[in-house]
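Enquirer: Just passing along the structure, written as structure tokens.
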Amino acid sequence: MSQFQNDDIDSFFAEMQDVKPIASDDKALLHDPEKALAEKQKRAARQMSVREKLANPLSMEGVKPVPPDEFIHFQQPGIQDGVFKKLRLGKYPLETNVTLAGKTLEQSRELIYTTIKSSHERGVRALLIKHGTGENSKPFPALKKSYVNHWLRELDEVIAYHTAQPMHGGFGATYVLLKKHPHQKLINREKNKKG
């Protein structure tokens, strides 16, 4: 070893002579496991809530009650009147039926969302939702009908809907027209192969 290295080591030990090791009971707790776990659980619950909202955007708030014997209808701007009239008269082939009888509001919400999403993916253009008139439903009459009226407006795939003709359920059912899937030509080709 050179003289410089010896001098460095000697000066290091000289500087360190007053330093004492930290006693084991002098630990600083920078991490509280219980608090960390509680924070992690809160974050997970928030993420789950966000995921649920993203998975199904249909809202449960702001629903305006609709009378049981009232027509419900909606037509996106740009939808031709002839197309809407054909829907209103029940002239589109109904490729899918959704029945909400015996379902809770939450189950109805999930069923409508998943059915419309999957129907659109399969190239379905028209479907029928049977919600009933709900004359005795609580907290207000036509509860499910009112929610269906609210939810259908929240879905981009829905371009029009109208209360069904008596032969399809009248005031207790709604025709729904979905926009064409971007791959509609390919879907039609696949349908025709199977048929």
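Labels for the structure tokens follow display order: chains A, B, ..., residues from 1 in each chain, ligands from 1.
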Which of chain A counts as alpha helix (DSSP H) under DSSP, as a count of residues only please?
Expert: 84
Enquirer: Determine, for each residue of region 30-123 of chain A having at least one atom at most 10 Å from an atom of region 134-144 of chain A, the closest pair of atoms and their separation in Å to one decimal, counting only C-alpha atoms; order by chain and ascending number, as CSV.
Expert:
residue,atom,partner,partner_atom,distance
A:Val63,CA,A:Leu143,CA,9.3
A:Lys64,CA,A:Leu143,CA,9.5
A:Pro65,CA,A:Leu143,CA,6.9
A:Val66,CA,A:Ala142,CA,6.4
A:Pro67,CA,A:Ala142,CA,6.2
A:Pro68,CA,A:Ala142,CA,4.9
A:Asp69,CA,A:Ala142,CA,8.7
A:Glu70,CA,A:Ala142,CA,9.6
A:Leu100,CA,A:Lys144,CA,8.0
A:Ala101,CA,A:Lys144,CA,9.4
A:Lys103,CA,A:Lys144,CA,9.6
A:Thr104,CA,A:Lys144,CA,9.0
A:Leu105,CA,A:Lys144,CA,6.9
A:Ser108,CA,A:Lys144,CA,8.0
A:Arg109,CA,A:Lys144,CA,9.4
Enquirer: Output C-alpha atoms for every residue in the selection just made, as a CSV table (one decimal), in the first residue's frame.
Expert:
chain,number,residue,atom,x,y,z
A,63,VAL,CA,-84.0,8.3,-15.1
A,64,LYS,CA,-87.2,10.1,-15.9
A,65,PRO,CA,-90.3,7.9,-15.2
A,66,VAL,CA,-92.4,7.1,-18.3
A,67,PRO,CA,-96.1,6.2,-18.0
A,68,PRO,CA,-96.8,2.5,-18.6
A,69,ASP,CA,-99.1,3.3,-21.6
A,70,GLU,CA,-96.8,5.8,-23.3
A,100,LEU,CA,-86.4,-8.7,-18.6
A,101,ALA,CA,-89.2,-10.4,-16.7
A,103,LYS,CA,-84.7,-9.7,-13.5
A,104,THR,CA,-83.5,-7.0,-11.1
A,105,LEU,CA,-82.7,-3.6,-12.4
A,108,SER,CA,-81.6,-6.0,-16.7
A,109,ARG,CA,-78.9,-3.3,-17.1
Enquirer: Enumerate the residues of region 9-190 of chain A with a DSSP assignment of strand (DSSP E), computed from the backbone, and present them as number ranges by chain.
Expert: A: 73-75, 96-99, 126-130, 158-163, 173-178
Enquirer: Quick one: residues within 10 Å of Asn97 (chain A), only C-alpha atoms counted, chain neighbours fewer than 2 positions away excluded, as an mmCIF file with N, CA, C and O atoms, in the first residue's frame?
Expert:
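The resulting file, around.cif, is reproduced below:
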data_model
loop_
_atom_site.group_PDB
_atom_site.id
_atom_site.type_symbol
_atom_site.label_atom_id
_atom_site.label_comp_id
_atom_site.auth_asym_id
_atom_site.auth_seq_id
_atom_site.Cartn_x
_atom_site.Cartn_y
_atom_site.Cartn_z
ATOM 1 N N LEU A 94 -86.739 -9.456 -36.468
ATOM 2 C CA LEU A 94 -86.206 -9.367 -35.104
ATOM 3 C C LEU A 94 -85.303 -10.574 -34.861
ATOM 4 O O LEU A 94 -85.779 -11.685 -34.650
ATOM 5 N N GLU A 95 -83.999 -10.331 -34.905
ATOM 6 C CA GLU A 95 -83.028 -11.418 -34.826
ATOM 7 C C GLU A 95 -82.720 -11.831 -33.385
ATOM 8 O O GLU A 95 -82.197 -12.903 -33.150
ATOM 9 N N THR A 99 -85.687 -10.649 -22.770
ATOM 10 C CA THR A 99 -86.807 -10.599 -21.827
ATOM 11 C C THR A 99 -86.283 -10.226 -20.445
ATOM 12 O O THR A 99 -85.393 -10.889 -19.914
ATOM 13 N N LEU A 100 -86.854 -9.162 -19.883
ATOM 14 C CA LEU A 100 -86.399 -8.666 -18.578
ATOM 15 C C LEU A 100 -87.284 -9.140 -17.424
ATOM 16 O O LEU A 100 -87.013 -8.808 -16.275
ATOM 17 N N THR A 115 -76.184 -7.866 -24.433
ATOM 18 C CA THR A 115 -76.930 -8.309 -25.616
ATOM 19 C C THR A 115 -76.733 -7.348 -26.783
ATOM 20 O O THR A 115 -76.495 -7.778 -27.917
ATOM 21 N N ALA A 126 -81.831 -5.555 -35.898
ATOM 22 C CA ALA A 126 -83.031 -5.234 -35.117
ATOM 23 C C ALA A 126 -83.257 -6.292 -34.043
ATOM 24 O O ALA A 126 -83.067 -7.474 -34.278
ATOM 25 N N LEU A 127 -83.648 -5.812 -32.871
ATOM 26 C CA LEU A 127 -83.966 -6.732 -31.782
ATOM 27 C C LEU A 127 -85.151 -6.204 -30.995
ATOM 28 O O LEU A 127 -85.568 -5.063 -31.170
ATOM 29 N N LEU A 128 -85.690 -7.059 -30.145
ATOM 30 C CA LEU A 128 -86.869 -6.715 -29.353
ATOM 31 C C LEU A 128 -86.527 -6.866 -27.879
ATOM 32 O O LEU A 128 -86.008 -7.904 -27.456
ATOM 33 N N ILE A 129 -86.799 -5.827 -27.108
ATOM 34 C CA ILE A 129 -86.621 -5.890 -25.652
ATOM 35 C C ILE A 129 -88.005 -5.939 -25.029
ATOM 36 O O ILE A 129 -88.816 -5.027 -25.203
ATOM 37 N N LYS A 130 -88.267 -7.017 -24.280
ATOM 38 C CA LYS A 130 -89.546 -7.153 -23.569
ATOM 39 C C LYS A 130 -89.315 -6.756 -22.111
ATOM 40 O O LYS A 130 -88.716 -7.496 -21.347
ATOM 41 N N ALA A 173 -92.978 -3.695 -24.711
ATOM 42 C CA ALA A 173 -91.792 -4.110 -25.474
ATOM 43 C C ALA A 173 -91.322 -2.963 -26.364
ATOM 44 O O ALA A 173 -92.084 -2.048 -26.676
ATOM 45 N N TYR A 175 -88.837 -2.091 -29.915
ATOM 46 C CA TYR A 175 -87.976 -2.449 -31.041
ATOM 47 C C TYR A 175 -86.705 -1.610 -30.935
ATOM 48 O O TYR A 175 -86.774 -0.417 -30.648
#
Enquirer: For a quick check of understanding, using only C-alpha atoms, which of A:Pro21, A:Tyr161, A:Arg122, A:Met16 has the smallest distance to Phe84 (chain A)?
Expert: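 Nearest to Phe84 (chain A): A:Tyr161.
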